[in-house]
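One structure is given below, encoded as structure tokens.
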Amino acid sequence: MTKLPDGLAPGPDGKPRCSWAVSAPDYVDYHDREWGFPVVDDRRLFEKLCLEGFQAGLSWLTILRKREAFRRAFAGFDPSAVARFGARDVTRLLADAGIVRHRGKIESTIQNAARALEVIDERGSLAAYVWSFVPAASERPARVTREALRAMTQTPTSVALSRDLKRRGWTFVGPTTVYAFMQAMGLVDDHVEGCAIRRAAEAARKPLPAVAAPRSRSAAR
């Protein structure tokens with residue numbers, strides 16, 4: 001049997017996948033259908049950014065297994081609904097064993113919902129805002145390898161997006177968290193070269209969603 005390059009491992013069908021994707025059965029469907037595919041729905045974008053914040057200090061597998069409980073707890077991640085949450089909701093959420101019961105992250109999600117509504121009011125949609133941060137080609141590696149990904153836990157664009165979100169009042173949106181969000185919602189395609197899903201994810205991004213526009217050099221600074 002031919003040895004796969006570093007960063008790849010055979011999936012259930014024998015085809016190569018990003019090695020993290022075959023480390024647990026729960027990951028396979030997520031990797032094959034979601035991770036790296038472009039998202040333009042505001043609720044899904046808000047959900048992904050919030051869950052990346054909840055993931056800080058934990059494994060993504062933990063969050064993935066609790067995702068349905070999170071959706072029930074946070075009104076399907078509808079920003080307009082979450083922004084109306086109050087003290088009773090915080091108490092309710094702190095008692096919900098189905099989610100990560102971290103007061104700071106719960107309160108952050110409620111605060112970020114209000115900030116998301118402000119972005120939507122200003123830019124027309126959360127998608128239009130997020131997709132304005134498409135990284136410049138010069139920022140991307142020539143080949144997406146495991147070694148390249150290890151060196152990209154944050155990037156100039158994730159730093160810029162993190163900084164702008166913080167300026168707008170968002171919390172739990174550090175540059176590493178934001179880069180994980182960018183990977184998850186398809187702003188970048190970080191499926192390792194040779195992954196059986198990379199071509200499908202890349203095809204879904206060409207052309208980029210209608211809300212997307214490549215960043216100018218001045219905007220990238």
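Within each chain, counting starts at residue 1; across the structure tokens, chains are named A, B, ... in the order shown, with ligands numbered 1 upward in that order.
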Contact table segment 66-179 of chain A vs segment 37-48 of chain A, cut-off 10 Å, shortest pair per residue, only C-alpha atoms, as a tab-separated table:
```
residue	atom	partner	partner_atom	distance
A:Arg67	CA	A:Glu47	CA	9.4
A:Phe70	CA	A:Glu47	CA	9.0
A:Arg71	CA	A:Glu47	CA	8.2
A:Phe74	CA	A:Glu47	CA	9.1
A:Gly76	CA	A:Arg43	CA	7.6
A:Phe77	CA	A:Glu47	CA	5.5
A:Asp78	CA	A:Arg43	CA	5.6
A:Pro79	CA	A:Arg43	CA	7.1
A:Ser80	CA	A:Arg43	CA	9.9
A:Thr109	CA	A:Phe46	CA	9.3
A:Asn112	CA	A:Phe46	CA	8.7
A:Ala113	CA	A:Phe46	CA	7.8
A:Ala116	CA	A:Phe46	CA	7.6
A:Ile120	CA	A:Asp42	CA	8.8
A:Ser125	CA	A:Asp42	CA	6.7
A:Leu126	CA	A:Asp42	CA	5.5
A:Ala127	CA	A:Val40	CA	5.2
A:Ala128	CA	A:Val40	CA	8.1
A:Val130	CA	A:Leu45	CA	8.6
A:Trp131	CA	A:Val40	CA	8.3
A:Val178	CA	A:Lys48	CA	10.0
```
Selected residues, N, CA and C atoms, written as an mmCIF file, in the first residue's frame, please.
```
data_model
loop_
_atom_site.group_PDB
_atom_site.id
_atom_site.type_symbol
_atom_site.label_atom_id
_atom_site.label_comp_id
_atom_site.auth_asym_id
_atom_site.auth_seq_id
_atom_site.Cartn_x
_atom_site.Cartn_y
_atom_site.Cartn_z
ATOM 1 N N ARG A 67 -23.260 20.579 19.088
ATOM 2 C CA ARG A 67 -23.762 21.638 18.217
ATOM 3 C C ARG A 67 -25.284 21.713 18.209
ATOM 4 N N PHE A 70 -26.401 23.409 21.265
ATOM 5 C CA PHE A 70 -26.129 24.840 21.158
ATOM 6 C C PHE A 70 -27.211 25.521 20.321
ATOM 7 N N ARG A 71 -27.593 24.898 19.225
ATOM 8 C CA ARG A 71 -28.608 25.499 18.358
ATOM 9 C C ARG A 71 -29.934 25.664 19.087
ATOM 10 N N PHE A 74 -29.518 28.509 21.767
ATOM 11 C CA PHE A 74 -29.327 29.870 21.268
ATOM 12 C C PHE A 74 -30.237 30.204 20.083
ATOM 13 N N GLY A 76 -31.355 28.855 17.444
ATOM 14 C CA GLY A 76 -30.879 28.622 16.090
ATOM 15 C C GLY A 76 -29.839 29.627 15.632
ATOM 16 N N PHE A 77 -29.228 30.318 16.587
ATOM 17 C CA PHE A 77 -28.234 31.357 16.310
ATOM 18 C C PHE A 77 -28.785 32.465 15.412
ATOM 19 N N ASP A 78 -30.041 32.793 15.645
ATOM 20 C CA ASP A 78 -30.652 33.956 15.002
ATOM 21 C C ASP A 78 -30.166 35.181 15.786
ATOM 22 N N PRO A 79 -29.332 36.042 15.200
ATOM 23 C CA PRO A 79 -28.783 37.167 15.973
ATOM 24 C C PRO A 79 -29.858 38.063 16.593
ATOM 25 N N SER A 80 -30.959 38.276 15.872
ATOM 26 C CA SER A 80 -31.997 39.154 16.408
ATOM 27 C C SER A 80 -32.641 38.567 17.658
ATOM 28 N N THR A 109 -21.571 35.670 23.490
ATOM 29 C CA THR A 109 -22.443 35.324 22.373
ATOM 30 C C THR A 109 -23.626 36.286 22.288
ATOM 31 N N ASN A 112 -22.224 39.612 21.153
ATOM 32 C CA ASN A 112 -21.842 39.552 19.742
ATOM 33 C C ASN A 112 -23.053 39.543 18.821
ATOM 34 N N ALA A 113 -24.178 39.022 19.307
ATOM 35 C CA ALA A 113 -25.405 39.049 18.499
ATOM 36 C C ALA A 113 -25.827 40.487 18.222
ATOM 37 N N ALA A 116 -23.510 41.857 15.721
ATOM 38 C CA ALA A 116 -23.808 41.308 14.391
ATOM 39 C C ALA A 116 -24.941 42.082 13.739
ATOM 40 N N ILE A 120 -24.941 43.982 10.154
ATOM 41 C CA ILE A 120 -25.967 43.742 9.141
ATOM 42 C C ILE A 120 -26.631 45.051 8.724
ATOM 43 N N SER A 125 -25.556 42.635 5.225
ATOM 44 C CA SER A 125 -25.550 41.259 5.724
ATOM 45 C C SER A 125 -24.221 41.001 6.415
ATOM 46 N N LEU A 126 -24.227 40.026 7.297
ATOM 47 C CA LEU A 126 -22.978 39.608 7.922
ATOM 48 C C LEU A 126 -22.069 38.979 6.870
ATOM 49 N N ALA A 127 -22.686 38.300 5.897
ATOM 50 C CA ALA A 127 -21.923 37.668 4.825
ATOM 51 C C ALA A 127 -21.144 38.695 4.013
ATOM 52 N N ALA A 128 -21.789 39.809 3.674
ATOM 53 C CA ALA A 128 -21.111 40.838 2.889
ATOM 54 C C ALA A 128 -19.892 41.361 3.631
ATOM 55 N N VAL A 130 -18.102 39.706 6.135
ATOM 56 C CA VAL A 130 -17.074 38.674 6.276
ATOM 57 C C VAL A 130 -16.361 38.418 4.953
ATOM 58 N N TRP A 131 -17.132 38.327 3.850
ATOM 59 C CA TRP A 131 -16.527 38.007 2.563
ATOM 60 C C TRP A 131 -15.742 39.170 1.976
ATOM 61 N N VAL A 178 -10.367 33.458 14.801
ATOM 62 C CA VAL A 178 -10.895 33.965 13.534
ATOM 63 C C VAL A 178 -10.359 33.148 12.361
#
```
Neighbour list for Lys66 of chain A as a PyMOL selection string, cut-off 12 Å, only C-alpha atoms, skip fewer than 2 positions in-chain = chain A and resi 26+51+54-55+59-64+68-73+96-101
Dump N, CA, C and O atoms for the selected residues as a PDB file, in the first residue's frame?
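What landed in again26.pdb:
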```pdb
ATOM      1  N   ASP A  26     -17.266  11.289  13.947  1.00  0.00           N
ATOM      2  CA  ASP A  26     -18.055  12.522  13.874  1.00  0.00           C
ATOM      3  C   ASP A  26     -17.461  13.541  12.910  1.00  0.00           C
ATOM      4  O   ASP A  26     -18.173  14.395  12.371  1.00  0.00           O
ATOM      5  N   LEU A  51     -19.379  29.487  17.813  1.00  0.00           N
ATOM      6  CA  LEU A  51     -18.892  28.178  18.241  1.00  0.00           C
ATOM      7  C   LEU A  51     -17.372  28.116  18.250  1.00  0.00           C
ATOM      8  O   LEU A  51     -16.782  27.422  19.084  1.00  0.00           O
ATOM      9  N   PHE A  54     -16.553  29.436  21.556  1.00  0.00           N
ATOM     10  CA  PHE A  54     -16.791  28.442  22.600  1.00  0.00           C
ATOM     11  C   PHE A  54     -15.705  27.371  22.600  1.00  0.00           C
ATOM     12  O   PHE A  54     -15.393  26.783  23.622  1.00  0.00           O
ATOM     13  N   GLN A  55     -15.125  27.106  21.424  1.00  0.00           N
ATOM     14  CA  GLN A  55     -14.128  26.049  21.301  1.00  0.00           C
ATOM     15  C   GLN A  55     -12.809  26.400  21.976  1.00  0.00           C
ATOM     16  O   GLN A  55     -12.028  25.513  22.329  1.00  0.00           O
ATOM     17  N   SER A  59     -11.507  20.943  22.497  1.00  0.00           N
ATOM     18  CA  SER A  59     -11.359  20.352  21.170  1.00  0.00           C
ATOM     19  C   SER A  59     -12.596  20.690  20.336  1.00  0.00           C
ATOM     20  O   SER A  59     -13.702  20.861  20.871  1.00  0.00           O
ATOM     21  N   TRP A  60     -12.407  20.795  19.010  1.00  0.00           N
ATOM     22  CA  TRP A  60     -13.552  21.049  18.140  1.00  0.00           C
ATOM     23  C   TRP A  60     -14.520  19.884  18.185  1.00  0.00           C
ATOM     24  O   TRP A  60     -15.733  20.070  18.029  1.00  0.00           O
ATOM     25  N   LEU A  61     -14.034  18.683  18.433  1.00  0.00           N
ATOM     26  CA  LEU A  61     -14.908  17.516  18.511  1.00  0.00           C
ATOM     27  C   LEU A  61     -15.934  17.696  19.622  1.00  0.00           C
ATOM     28  O   LEU A  61     -17.107  17.333  19.464  1.00  0.00           O
ATOM     29  N   THR A  62     -15.513  18.263  20.740  1.00  0.00           N
ATOM     30  CA  THR A  62     -16.438  18.523  21.841  1.00  0.00           C
ATOM     31  C   THR A  62     -17.563  19.440  21.389  1.00  0.00           C
ATOM     32  O   THR A  62     -18.745  19.192  21.665  1.00  0.00           O
ATOM     33  N   ILE A  63     -17.206  20.502  20.678  1.00  0.00           N
ATOM     34  CA  ILE A  63     -18.205  21.461  20.203  1.00  0.00           C
ATOM     35  C   ILE A  63     -19.106  20.829  19.154  1.00  0.00           C
ATOM     36  O   ILE A  63     -20.330  21.013  19.165  1.00  0.00           O
ATOM     37  N   LEU A  64     -18.518  20.082  18.242  1.00  0.00           N
ATOM     38  CA  LEU A  64     -19.298  19.458  17.173  1.00  0.00           C
ATOM     39  C   LEU A  64     -20.365  18.528  17.748  1.00  0.00           C
ATOM     40  O   LEU A  64     -21.507  18.502  17.274  1.00  0.00           O
ATOM     41  N   GLU A  68     -25.972  20.602  18.123  1.00  0.00           N
ATOM     42  CA  GLU A  68     -27.439  20.645  18.114  1.00  0.00           C
ATOM     43  C   GLU A  68     -27.985  21.225  19.411  1.00  0.00           C
ATOM     44  O   GLU A  68     -28.970  21.978  19.399  1.00  0.00           O
ATOM     45  N   ALA A  69     -27.341  20.901  20.531  1.00  0.00           N
ATOM     46  CA  ALA A  69     -27.761  21.470  21.814  1.00  0.00           C
ATOM     47  C   ALA A  69     -27.517  22.977  21.828  1.00  0.00           C
ATOM     48  O   ALA A  69     -28.341  23.748  22.347  1.00  0.00           O
ATOM     49  N   PHE A  70     -26.401  23.409  21.265  1.00  0.00           N
ATOM     50  CA  PHE A  70     -26.129  24.840  21.158  1.00  0.00           C
ATOM     51  C   PHE A  70     -27.211  25.521  20.321  1.00  0.00           C
ATOM     52  O   PHE A  70     -27.680  26.616  20.666  1.00  0.00           O
ATOM     53  N   ARG A  71     -27.593  24.898  19.225  1.00  0.00           N
ATOM     54  CA  ARG A  71     -28.608  25.499  18.358  1.00  0.00           C
ATOM     55  C   ARG A  71     -29.934  25.664  19.087  1.00  0.00           C
ATOM     56  O   ARG A  71     -30.612  26.682  18.951  1.00  0.00           O
ATOM     57  N   ARG A  72     -30.312  24.654  19.854  1.00  0.00           N
ATOM     58  CA  ARG A  72     -31.553  24.755  20.631  1.00  0.00           C
ATOM     59  C   ARG A  72     -31.439  25.840  21.693  1.00  0.00           C
ATOM     60  O   ARG A  72     -32.374  26.618  21.908  1.00  0.00           O
ATOM     61  N   ALA A  73     -30.301  25.908  22.338  1.00  0.00           N
ATOM     62  CA  ALA A  73     -30.109  26.849  23.445  1.00  0.00           C
ATOM     63  C   ALA A  73     -30.066  28.300  22.971  1.00  0.00           C
ATOM     64  O   ALA A  73     -30.526  29.211  23.675  1.00  0.00           O
ATOM     65  N   ASP A  96     -27.667  24.502  31.423  1.00  0.00           N
ATOM     66  CA  ASP A  96     -27.867  23.590  30.296  1.00  0.00           C
ATOM     67  C   ASP A  96     -26.627  22.710  30.113  1.00  0.00           C
ATOM     68  O   ASP A  96     -25.605  23.154  29.583  1.00  0.00           O
ATOM     69  N   ALA A  97     -26.734  21.463  30.515  1.00  0.00           N
ATOM     70  CA  ALA A  97     -25.594  20.543  30.436  1.00  0.00           C
ATOM     71  C   ALA A  97     -25.244  20.166  29.006  1.00  0.00           C
ATOM     72  O   ALA A  97     -24.177  19.593  28.754  1.00  0.00           O
ATOM     73  N   GLY A  98     -26.111  20.502  28.054  1.00  0.00           N
ATOM     74  CA  GLY A  98     -25.853  20.140  26.664  1.00  0.00           C
ATOM     75  C   GLY A  98     -24.837  21.028  25.979  1.00  0.00           C
ATOM     76  O   GLY A  98     -24.325  20.679  24.916  1.00  0.00           O
ATOM     77  N   ILE A  99     -24.557  22.205  26.573  1.00  0.00           N
ATOM     78  CA  ILE A  99     -23.628  23.146  25.965  1.00  0.00           C
ATOM     79  C   ILE A  99     -22.407  23.324  26.872  1.00  0.00           C
ATOM     80  O   ILE A  99     -22.301  22.696  27.929  1.00  0.00           O
ATOM     81  N   VAL A 100     -21.508  24.182  26.458  1.00  0.00           N
ATOM     82  CA  VAL A 100     -20.360  24.542  27.296  1.00  0.00           C
ATOM     83  C   VAL A 100     -20.824  25.661  28.226  1.00  0.00           C
ATOM     84  O   VAL A 100     -21.154  26.762  27.772  1.00  0.00           O
ATOM     85  N   ARG A 101     -20.837  25.358  29.518  1.00  0.00           N
ATOM     86  CA  ARG A 101     -21.406  26.308  30.486  1.00  0.00           C
ATOM     87  C   ARG A 101     -20.315  27.243  31.011  1.00  0.00           C
ATOM     88  O   ARG A 101     -19.836  27.103  32.131  1.00  0.00           O
TER      89      ARG A 101
END
```
Measure the distance from atom CA of Phe172 of chain A to atom CA of Ser108 of chain A in Å and round it to one decimal.
->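 Separation between atom CA of Phe172 of chain A and atom CA of Ser108 of chain A: 7.0 Å.
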Who sits within 7 Å of Arg146 of chain A, only C-alpha atoms, same chain under 4 positions skipped, as a PyMOL selection string | chain A and resi 6-7+150+192
